[in-house]
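**Q** Take a look at coords03.tsv, TSV, all heavy atoms:
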```tsv
chain	number	residue	atom	x	y	z
G	844	MET	N	-6.82	-26.57	-12.49
G	844	MET	CA	-7.50	-26.37	-11.23
G	844	MET	C	-6.82	-27.16	-10.11
G	844	MET	O	-6.62	-26.65	-9.03
G	844	MET	CB	-8.97	-26.79	-11.38
G	844	MET	CG	-9.77	-26.59	-10.14
G	844	MET	SD	-9.85	-24.86	-9.71
G	844	MET	CE	-11.17	-24.87	-8.59
G	845	MET	N	-6.48	-28.40	-10.40
G	845	MET	CA	-5.84	-29.23	-9.38
G	845	MET	C	-4.45	-28.70	-9.01
G	845	MET	O	-4.03	-28.82	-7.87
G	845	MET	CB	-5.75	-30.68	-9.83
G	845	MET	CG	-7.10	-31.38	-9.93
G	845	MET	SD	-8.02	-31.33	-8.39
G	845	MET	CE	-7.10	-32.50	-7.45
G	846	SER	N	-3.76	-28.12	-9.98
G	846	SER	CA	-2.43	-27.59	-9.68
G	846	SER	C	-2.53	-26.40	-8.73
G	846	SER	O	-1.67	-26.21	-7.87
G	846	SER	CB	-1.71	-27.19	-10.96
G	846	SER	OG	-2.38	-26.12	-11.60
G	847	LEU	N	-3.59	-25.61	-8.88
G	847	LEU	CA	-3.79	-24.48	-7.98
G	847	LEU	C	-4.05	-24.97	-6.56
G	847	LEU	O	-3.47	-24.45	-5.60
G	847	LEU	CB	-4.96	-23.62	-8.46
G	847	LEU	CG	-5.35	-22.47	-7.55
G	847	LEU	CD1	-4.23	-21.43	-7.51
G	847	LEU	CD2	-6.63	-21.85	-8.01
G	848	LEU	N	-4.90	-25.98	-6.43
G	848	LEU	CA	-5.18	-26.53	-5.10
G	848	LEU	C	-3.94	-27.15	-4.48
G	848	LEU	O	-3.69	-27.00	-3.28
G	848	LEU	CB	-6.29	-27.56	-5.20
G	848	LEU	CG	-7.66	-27.03	-5.59
G	848	LEU	CD1	-8.63	-28.18	-5.76
G	848	LEU	CD2	-8.15	-26.03	-4.59
G	849	ARG	N	-3.18	-27.84	-5.31
G	849	ARG	CA	-1.94	-28.45	-4.80
G	849	ARG	C	-0.96	-27.38	-4.34
G	849	ARG	O	-0.32	-27.51	-3.29
G	849	ARG	CB	-1.32	-29.32	-5.89
G	849	ARG	CG	-0.11	-30.07	-5.42
G	849	ARG	CD	0.34	-31.09	-6.47
G	849	ARG	NE	1.45	-31.85	-5.97
G	849	ARG	CZ	2.72	-31.62	-6.33
G	849	ARG	NH1	3.00	-30.70	-7.21
G	849	ARG	NH2	3.68	-32.36	-5.82
G	850	GLU	N	-0.86	-26.32	-5.11
G	850	GLU	CA	0.04	-25.23	-4.76
G	850	GLU	C	-0.39	-24.55	-3.45
G	850	GLU	O	0.45	-24.24	-2.60
G	850	GLU	CB	0.04	-24.18	-5.88
G	850	GLU	CG	1.43	-23.77	-6.30
G	850	GLU	CD	1.36	-22.83	-7.47
G	850	GLU	OE1	1.12	-23.31	-8.59
G	850	GLU	OE2	1.55	-21.63	-7.25
G	851	LEU	N	-1.68	-24.33	-3.30
G	851	LEU	CA	-2.18	-23.73	-2.07
G	851	LEU	C	-1.91	-24.64	-0.87
G	851	LEU	O	-1.51	-24.17	0.20
G	851	LEU	CB	-3.68	-23.46	-2.18
G	851	LEU	CG	-4.08	-22.24	-2.98
G	851	LEU	CD1	-5.58	-22.20	-3.17
G	851	LEU	CD2	-3.59	-20.97	-2.32
G	852	TRP	N	-2.13	-25.94	-1.04
G	852	TRP	CA	-1.89	-26.87	0.06
G	852	TRP	C	-0.40	-26.92	0.43
G	852	TRP	O	-0.05	-26.95	1.60
G	852	TRP	CB	-2.41	-28.25	-0.26
G	852	TRP	CG	-2.13	-29.20	0.85
G	852	TRP	CD1	-1.28	-30.25	0.84
G	852	TRP	CD2	-2.67	-29.15	2.17
G	852	TRP	NE1	-1.27	-30.87	2.06
G	852	TRP	CE2	-2.12	-30.21	2.90
G	852	TRP	CE3	-3.58	-28.31	2.81
G	852	TRP	CZ2	-2.44	-30.45	4.24
G	852	TRP	CZ3	-3.89	-28.56	4.13
G	852	TRP	CH2	-3.32	-29.61	4.82
G	853	LEU	N	0.47	-26.91	-0.57
G	853	LEU	CA	1.90	-26.90	-0.29
G	853	LEU	C	2.32	-25.63	0.45
G	853	LEU	O	3.16	-25.67	1.34
G	853	LEU	CB	2.70	-27.06	-1.59
G	853	LEU	CG	2.62	-28.45	-2.24
G	853	LEU	CD1	3.35	-28.44	-3.58
G	853	LEU	CD2	3.19	-29.50	-1.32
G	854	TYR	N	1.72	-24.51	0.08
G	854	TYR	CA	2.00	-23.25	0.78
G	854	TYR	C	1.58	-23.33	2.23
G	854	TYR	O	2.32	-22.95	3.13
G	854	TYR	CB	1.28	-22.08	0.08
G	854	TYR	CG	1.38	-20.79	0.85
G	854	TYR	CD1	2.53	-20.02	0.79
G	854	TYR	CD2	0.33	-20.35	1.63
G	854	TYR	CE1	2.63	-18.84	1.49
G	854	TYR	CE2	0.42	-19.17	2.34
G	854	TYR	CZ	1.57	-18.42	2.27
G	854	TYR	OH	1.67	-17.26	2.97
G	855	VAL	N	0.36	-23.85	2.46
G	855	VAL	CA	-0.16	-23.97	3.82
G	855	VAL	C	0.74	-24.88	4.65
G	855	VAL	O	1.08	-24.57	5.79
G	855	VAL	CB	-1.61	-24.50	3.80
G	855	VAL	CG1	-2.06	-24.95	5.17
G	855	VAL	CG2	-2.54	-23.44	3.24
G	856	ARG	N	1.14	-25.99	4.06
G	856	ARG	CA	1.97	-26.95	4.79
G	856	ARG	C	3.38	-26.43	5.05
G	856	ARG	O	3.92	-26.60	6.14
G	856	ARG	CB	2.02	-28.26	4.01
G	856	ARG	CG	2.31	-29.44	4.89
G	856	ARG	CD	2.25	-30.69	4.13
G	856	ARG	NE	3.42	-30.73	3.23
G	856	ARG	CZ	3.58	-31.59	2.25
G	856	ARG	NH1	2.66	-32.47	2.01
G	856	ARG	NH2	4.65	-31.56	1.50
G	857	GLU	N	3.96	-25.77	4.06
G	857	GLU	CA	5.34	-25.29	4.19
G	857	GLU	C	5.45	-24.13	5.17
G	857	GLU	O	6.38	-24.08	5.97
G	857	GLU	CB	5.86	-24.84	2.82
G	857	GLU	CG	7.29	-24.37	2.83
G	857	GLU	CD	7.74	-23.95	1.45
G	857	GLU	OE1	7.31	-24.57	0.47
G	857	GLU	OE2	8.52	-22.99	1.37
G	858	ARG	N	4.51	-23.22	5.11
G	858	ARG	CA	4.57	-22.02	5.96
G	858	ARG	C	3.91	-22.23	7.32
G	858	ARG	O	3.85	-21.31	8.12
G	858	ARG	CB	3.87	-20.85	5.27
G	858	ARG	CG	4.41	-20.54	3.91
G	858	ARG	CD	5.51	-19.56	3.99
G	858	ARG	NE	5.86	-19.17	2.62
G	858	ARG	CZ	7.03	-18.76	2.27
G	858	ARG	NH1	7.97	-18.65	3.16
G	858	ARG	NH2	7.28	-18.44	1.03
G	859	LYS	N	3.39	-23.43	7.56
G	859	LYS	CA	2.72	-23.76	8.82
G	859	LYS	C	1.53	-22.83	9.08
G	859	LYS	O	1.28	-22.42	10.20
G	859	LYS	CB	3.69	-23.68	10.00
G	859	LYS	CG	4.94	-24.49	9.84
G	859	LYS	CD	4.69	-25.95	10.14
G	859	LYS	CE	5.98	-26.69	10.26
G	859	LYS	NZ	6.31	-27.52	9.13
G	860	LYS	N	0.80	-22.52	8.03
G	860	LYS	CA	-0.39	-21.66	8.14
G	860	LYS	C	-1.62	-22.55	8.10
G	860	LYS	O	-2.46	-22.44	7.21
G	860	LYS	CB	-0.43	-20.66	6.99
G	860	LYS	CG	0.77	-19.80	6.85
G	860	LYS	CD	0.50	-18.45	7.44
G	860	LYS	CE	1.70	-17.56	7.14
G	860	LYS	NZ	1.92	-16.58	8.11
G	861	TYR	N	-1.74	-23.42	9.07
G	861	TYR	CA	-2.84	-24.39	9.08
G	861	TYR	C	-4.20	-23.72	9.32
G	861	TYR	O	-5.22	-24.34	9.12
G	861	TYR	CB	-2.59	-25.46	10.13
G	861	TYR	CG	-1.40	-26.32	9.77
G	861	TYR	CD1	-0.25	-26.30	10.54
G	861	TYR	CD2	-1.45	-27.12	8.65
G	861	TYR	CE1	0.83	-27.08	10.20
G	861	TYR	CE2	-0.36	-27.91	8.30
G	861	TYR	CZ	0.77	-27.88	9.09
G	861	TYR	OH	1.84	-28.64	8.74
G	862	ILE	N	-4.20	-22.47	9.74
G	862	ILE	CA	-5.45	-21.76	9.94
G	862	ILE	C	-6.15	-21.53	8.60
G	862	ILE	O	-7.36	-21.33	8.55
G	862	ILE	CB	-5.20	-20.43	10.69
G	862	ILE	CG1	-6.50	-19.83	11.19
G	862	ILE	CG2	-4.48	-19.43	9.81
G	862	ILE	CD1	-7.11	-20.57	12.32
G	863	LEU	N	-5.41	-21.60	7.49
G	863	LEU	CA	-6.00	-21.39	6.17
G	863	LEU	C	-6.68	-22.65	5.63
G	863	LEU	O	-7.46	-22.56	4.68
G	863	LEU	CB	-4.93	-20.95	5.18
G	863	LEU	CG	-4.32	-19.57	5.42
G	863	LEU	CD1	-3.20	-19.32	4.42
G	863	LEU	CD2	-5.36	-18.50	5.33
G	864	ALA	N	-6.43	-23.79	6.20
G	864	ALA	CA	-7.01	-25.04	5.71
G	864	ALA	C	-8.55	-25.02	5.75
G	864	ALA	O	-9.17	-25.40	4.75
G	864	ALA	CB	-6.46	-26.22	6.49
G	865	PRO	N	-9.18	-24.57	6.82
G	865	PRO	CA	-10.65	-24.52	6.80
G	865	PRO	C	-11.19	-23.56	5.73
G	865	PRO	O	-12.24	-23.81	5.15
G	865	PRO	CB	-11.03	-24.04	8.20
G	865	PRO	CG	-9.87	-24.35	9.04
G	865	PRO	CD	-8.68	-24.27	8.16
G	866	VAL	N	-10.47	-22.50	5.47
G	866	VAL	CA	-10.89	-21.55	4.43
G	866	VAL	C	-10.85	-22.23	3.07
G	866	VAL	O	-11.77	-22.07	2.26
G	866	VAL	CB	-9.99	-20.29	4.45
G	866	VAL	CG1	-10.32	-19.37	3.30
G	866	VAL	CG2	-10.11	-19.57	5.78
G	867	LEU	N	-9.81	-23.00	2.80
G	867	LEU	CA	-9.71	-23.71	1.54
G	867	LEU	C	-10.81	-24.74	1.40
G	867	LEU	O	-11.41	-24.88	0.33
G	867	LEU	CB	-8.33	-24.40	1.43
G	867	LEU	CG	-7.13	-23.47	1.32
G	867	LEU	CD1	-5.84	-24.29	1.34
G	867	LEU	CD2	-7.21	-22.63	0.09
G	868	VAL	N	-11.11	-25.45	2.47
G	868	VAL	CA	-12.18	-26.46	2.43
G	868	VAL	C	-13.52	-25.78	2.18
G	868	VAL	O	-14.33	-26.26	1.38
G	868	VAL	CB	-12.19	-27.28	3.74
G	868	VAL	CG1	-13.43	-28.15	3.83
G	868	VAL	CG2	-10.93	-28.11	3.85
G	869	LEU	N	-13.76	-24.67	2.85
G	869	LEU	CA	-15.01	-23.94	2.67
G	869	LEU	C	-15.15	-23.43	1.23
G	869	LEU	O	-16.23	-23.51	0.64
G	869	LEU	CB	-15.09	-22.78	3.65
G	869	LEU	CG	-16.40	-22.02	3.69
G	869	LEU	CD1	-17.52	-22.93	4.17
G	869	LEU	CD2	-16.27	-20.81	4.59
G	870	MET	N	-14.06	-22.94	0.68
G	870	MET	CA	-14.09	-22.48	-0.72
G	870	MET	C	-14.42	-23.63	-1.66
G	870	MET	O	-15.20	-23.46	-2.60
G	870	MET	CB	-12.74	-21.85	-1.09
G	870	MET	CG	-12.56	-20.47	-0.54
G	870	MET	SD	-10.94	-19.71	-0.83
G	870	MET	CE	-10.39	-20.38	-2.34
G	871	LEU	N	-13.83	-24.79	-1.43
G	871	LEU	CA	-14.12	-25.95	-2.27
G	871	LEU	C	-15.58	-26.40	-2.15
G	871	LEU	O	-16.22	-26.71	-3.16
G	871	LEU	CB	-13.20	-27.11	-1.89
G	871	LEU	CG	-11.76	-27.01	-2.35
G	871	LEU	CD1	-10.94	-28.15	-1.75
G	871	LEU	CD2	-11.70	-27.06	-3.85
G	872	LEU	N	-16.09	-26.42	-0.93
G	872	LEU	CA	-17.48	-26.84	-0.73
G	872	LEU	C	-18.46	-25.86	-1.37
G	872	LEU	O	-19.42	-26.28	-2.03
G	872	LEU	CB	-17.77	-26.97	0.76
G	872	LEU	CG	-17.12	-28.15	1.46
G	872	LEU	CD1	-17.40	-28.09	2.96
G	872	LEU	CD2	-17.62	-29.45	0.88
G	873	LEU	N	-18.24	-24.57	-1.20
G	873	LEU	CA	-19.13	-23.59	-1.81
G	873	LEU	C	-19.04	-23.62	-3.32
G	873	LEU	O	-20.06	-23.49	-4.01
G	873	LEU	CB	-18.81	-22.19	-1.28
G	873	LEU	CG	-19.30	-21.88	0.12
G	873	LEU	CD1	-18.83	-20.49	0.56
G	873	LEU	CD2	-20.78	-21.99	0.22
G	874	GLY	N	-17.85	-23.79	-3.84
G	874	GLY	CA	-17.68	-23.89	-5.29
G	874	GLY	C	-18.39	-25.11	-5.84
G	874	GLY	O	-19.07	-25.04	-6.86
G	875	GLY	N	-18.25	-26.23	-5.17
G	875	GLY	CA	-18.94	-27.45	-5.59
G	875	GLY	C	-20.45	-27.32	-5.49
G	875	GLY	O	-21.18	-27.77	-6.37
G	876	LEU	N	-20.91	-26.65	-4.46
G	876	LEU	CA	-22.34	-26.44	-4.29
G	876	LEU	C	-22.89	-25.58	-5.42
G	876	LEU	O	-23.95	-25.86	-5.97
G	876	LEU	CB	-22.61	-25.78	-2.95
G	876	LEU	CG	-24.05	-25.53	-2.56
G	876	LEU	CD1	-24.77	-26.85	-2.38
G	876	LEU	CD2	-24.12	-24.71	-1.30
G	877	LEU	N	-22.17	-24.55	-5.79
G	877	LEU	CA	-22.62	-23.68	-6.87
G	877	LEU	C	-22.62	-24.41	-8.22
G	877	LEU	O	-23.51	-24.22	-9.03
G	877	LEU	CB	-21.76	-22.42	-6.94
G	877	LEU	CG	-21.97	-21.43	-5.81
G	877	LEU	CD1	-20.96	-20.30	-5.91
G	877	LEU	CD2	-23.37	-20.89	-5.82
G	878	VAL	N	-21.63	-25.24	-8.44
G	878	VAL	CA	-21.56	-25.98	-9.70
G	878	VAL	C	-22.69	-27.00	-9.78
G	878	VAL	O	-23.34	-27.14	-10.81
G	878	VAL	CB	-20.19	-26.68	-9.84
G	878	VAL	CG1	-20.21	-27.70	-10.95
G	878	VAL	CG2	-19.11	-25.65	-10.10
G	879	LEU	N	-22.94	-27.70	-8.68
G	879	LEU	CA	-24.00	-28.71	-8.67
G	879	LEU	C	-25.40	-28.09	-8.73
G	879	LEU	O	-26.31	-28.68	-9.29
G	879	LEU	CB	-23.88	-29.59	-7.42
G	879	LEU	CG	-22.69	-30.53	-7.38
G	879	LEU	CD1	-22.64	-31.24	-6.04
G	879	LEU	CD2	-22.76	-31.53	-8.52
G	880	ALA	N	-25.56	-26.92	-8.16
G	880	ALA	CA	-26.89	-26.30	-8.08
G	880	ALA	C	-27.24	-25.53	-9.34
G	880	ALA	O	-28.39	-25.13	-9.51
G	880	ALA	CB	-26.95	-25.38	-6.89
G	881	GLN	N	-26.30	-25.32	-10.21
G	881	GLN	CA	-26.57	-24.56	-11.42
G	881	GLN	C	-27.57	-25.32	-12.29
G	881	GLN	O	-27.30	-26.38	-12.81
G	881	GLN	CB	-25.28	-24.33	-12.19
G	881	GLN	CG	-25.44	-23.44	-13.38
G	881	GLN	CD	-24.10	-23.22	-14.07
G	881	GLN	OE1	-23.11	-23.83	-13.70
G	881	GLN	NE2	-24.09	-22.38	-15.05
G	882	GLY	N	-28.74	-24.75	-12.43
G	882	GLY	CA	-29.76	-25.35	-13.28
G	882	GLY	C	-30.51	-26.50	-12.63
G	882	GLY	O	-31.12	-27.31	-13.33
G	883	SER	N	-30.50	-26.59	-11.33
G	883	SER	CA	-31.23	-27.67	-10.68
G	883	SER	C	-32.42	-27.10	-9.89
G	883	SER	O	-32.57	-25.90	-9.74
G	883	SER	CB	-30.33	-28.45	-9.74
G	883	SER	OG	-30.07	-27.72	-8.58
G	884	ALA	N	-33.23	-27.99	-9.37
G	884	ALA	CA	-34.39	-27.58	-8.59
G	884	ALA	C	-34.00	-27.08	-7.20
G	884	ALA	O	-34.81	-26.50	-6.50
G	884	ALA	CB	-35.36	-28.74	-8.48
G	885	VAL	N	-32.77	-27.31	-6.80
G	885	VAL	CA	-32.30	-26.91	-5.48
G	885	VAL	C	-31.85	-25.45	-5.47
G	885	VAL	O	-31.71	-24.85	-4.41
G	885	VAL	CB	-31.15	-27.84	-5.03
G	885	VAL	CG1	-30.71	-27.55	-3.62
G	885	VAL	CG2	-31.56	-29.28	-5.15
G	886	ALA	N	-31.64	-24.87	-6.63
G	886	ALA	CA	-31.09	-23.52	-6.74
G	886	ALA	C	-31.84	-22.47	-5.92
G	886	ALA	O	-31.20	-21.67	-5.24
G	886	ALA	CB	-30.99	-23.11	-8.20
G	887	PRO	N	-33.17	-22.42	-5.94
G	887	PRO	CA	-33.85	-21.38	-5.14
G	887	PRO	C	-33.58	-21.49	-3.64
G	887	PRO	O	-33.52	-20.48	-2.95
G	887	PRO	CB	-35.33	-21.62	-5.42
G	887	PRO	CG	-35.36	-22.33	-6.71
G	887	PRO	CD	-34.12	-23.15	-6.76
G	888	PHE	N	-33.38	-22.71	-3.15
G	888	PHE	CA	-33.10	-22.87	-1.73
G	888	PHE	C	-31.68	-22.44	-1.38
G	888	PHE	O	-31.43	-21.94	-0.29
G	888	PHE	CB	-33.32	-24.33	-1.32
G	888	PHE	CG	-34.72	-24.79	-1.56
G	888	PHE	CD1	-35.01	-25.69	-2.56
G	888	PHE	CD2	-35.76	-24.30	-0.79
G	888	PHE	CE1	-36.30	-26.12	-2.80
G	888	PHE	CE2	-37.06	-24.71	-1.00
G	888	PHE	CZ	-37.33	-25.62	-2.01
G	889	ILE	N	-30.75	-22.62	-2.30
G	889	ILE	CA	-29.37	-22.21	-2.06
G	889	ILE	C	-29.28	-20.69	-2.09
G	889	ILE	O	-28.56	-20.09	-1.29
G	889	ILE	CB	-28.44	-22.85	-3.09
G	889	ILE	CG1	-28.40	-24.34	-2.84
G	889	ILE	CG2	-27.05	-22.26	-3.02
G	889	ILE	CD1	-27.65	-25.12	-3.88
G	890	TYR	N	-30.02	-20.04	-2.96
G	890	TYR	CA	-29.97	-18.59	-3.05
G	890	TYR	C	-30.49	-17.93	-1.78
G	890	TYR	O	-30.07	-16.84	-1.44
G	890	TYR	CB	-30.76	-18.10	-4.26
G	890	TYR	CG	-30.12	-18.48	-5.57
G	890	TYR	CD1	-30.88	-18.99	-6.61
G	890	TYR	CD2	-28.75	-18.35	-5.77
G	890	TYR	CE1	-30.30	-19.35	-7.82
G	890	TYR	CE2	-28.16	-18.71	-6.94
G	890	TYR	CZ	-28.94	-19.21	-7.97
G	890	TYR	OH	-28.36	-19.57	-9.14
G	891	THR	N	-31.37	-18.59	-1.06
G	891	THR	CA	-31.86	-18.01	0.18
G	891	THR	C	-30.80	-18.03	1.28
G	891	THR	O	-30.88	-17.24	2.22
G	891	THR	CB	-33.11	-18.75	0.69
G	891	THR	OG1	-32.78	-20.10	0.91
G	891	THR	CG2	-34.24	-18.64	-0.31
G	892	LEU	N	-29.80	-18.89	1.16
G	892	LEU	CA	-28.72	-18.92	2.12
G	892	LEU	C	-27.83	-17.70	2.02
G	892	LEU	O	-27.24	-17.26	2.99
G	892	LEU	CB	-27.87	-20.18	1.94
G	892	LEU	CG	-28.55	-21.52	2.22
G	892	LEU	CD1	-27.61	-22.65	1.87
G	892	LEU	CD2	-28.97	-21.59	3.67
G	893	PHE	N	-27.73	-17.14	0.84
G	893	PHE	CA	-26.84	-16.01	0.62
G	893	PHE	C	-27.66	-14.76	0.47
G	893	PHE	O	-27.31	-13.70	0.33
G	893	PHE	CB	-25.98	-16.25	-0.62
G	893	PHE	CG	-25.14	-17.48	-0.49
G	893	PHE	CD1	-25.47	-18.62	-1.20
G	893	PHE	CD2	-24.06	-17.52	0.36
G	893	PHE	CE1	-24.70	-19.76	-1.10
G	893	PHE	CE2	-23.30	-18.65	0.49
G	893	PHE	CZ	-23.62	-19.77	-0.24
```
Spit out the file's structure as C-alpha cells when you get a sec.
**A**
Amino acid sequence: MMSLLRELWLYVRERKKYILAPVLVLMLLLGGLLVLAQGSAVAPFIYTLF
C-alpha cells in the first residue's frame, strides 16, 4: 500500500501535476474513514453523508 502511495506522489511531483494532490489526500481520508467506521457506532452517521 505504501509503495502505491509513494509511486503516486513521485508521479505528481515529477510531472508537476500538483492539482492531483488534493485528490490523493481526499482518497486517503475517505479510505481511513471507511476503515475506522467499519463496525463502529459512527457508521450510520457516515452512511448518511453518502
**Q** Would you give me, as a ChimeraX atom specification, the residues in chain G that DSSP reads as helix (DSSP H, G or I)?
**A** /G:845-858,861-880,886-892
**Q** So what do you get for CA of Trp852 (chain G) versus CA of Leu867 (chain G), distance-wise?
**A**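 Between these atoms lies a distance of 8.6 Å.
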**Q** For CA of Lys860 (chain G) and CA of Leu848 (chain G), quote the distance in Å rounded to one decimal.
**A** 14.9 Å
**Q** Would you work out the distance separating CA of Val855 (chain G) from CB of Gln881 (chain G), expressed in Å to one decimal?
**A**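 According to the coordinates, CA of Val855 (chain G) and CB of Gln881 (chain G) are separated by 29.8 Å.
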**Q** Return the single residue from G:Leu851, G:Leu892, G:Ser846, G:Arg856 that is closest to Val868 (chain G), with distances computed using only C-alpha atoms.
**A** G:Leu851
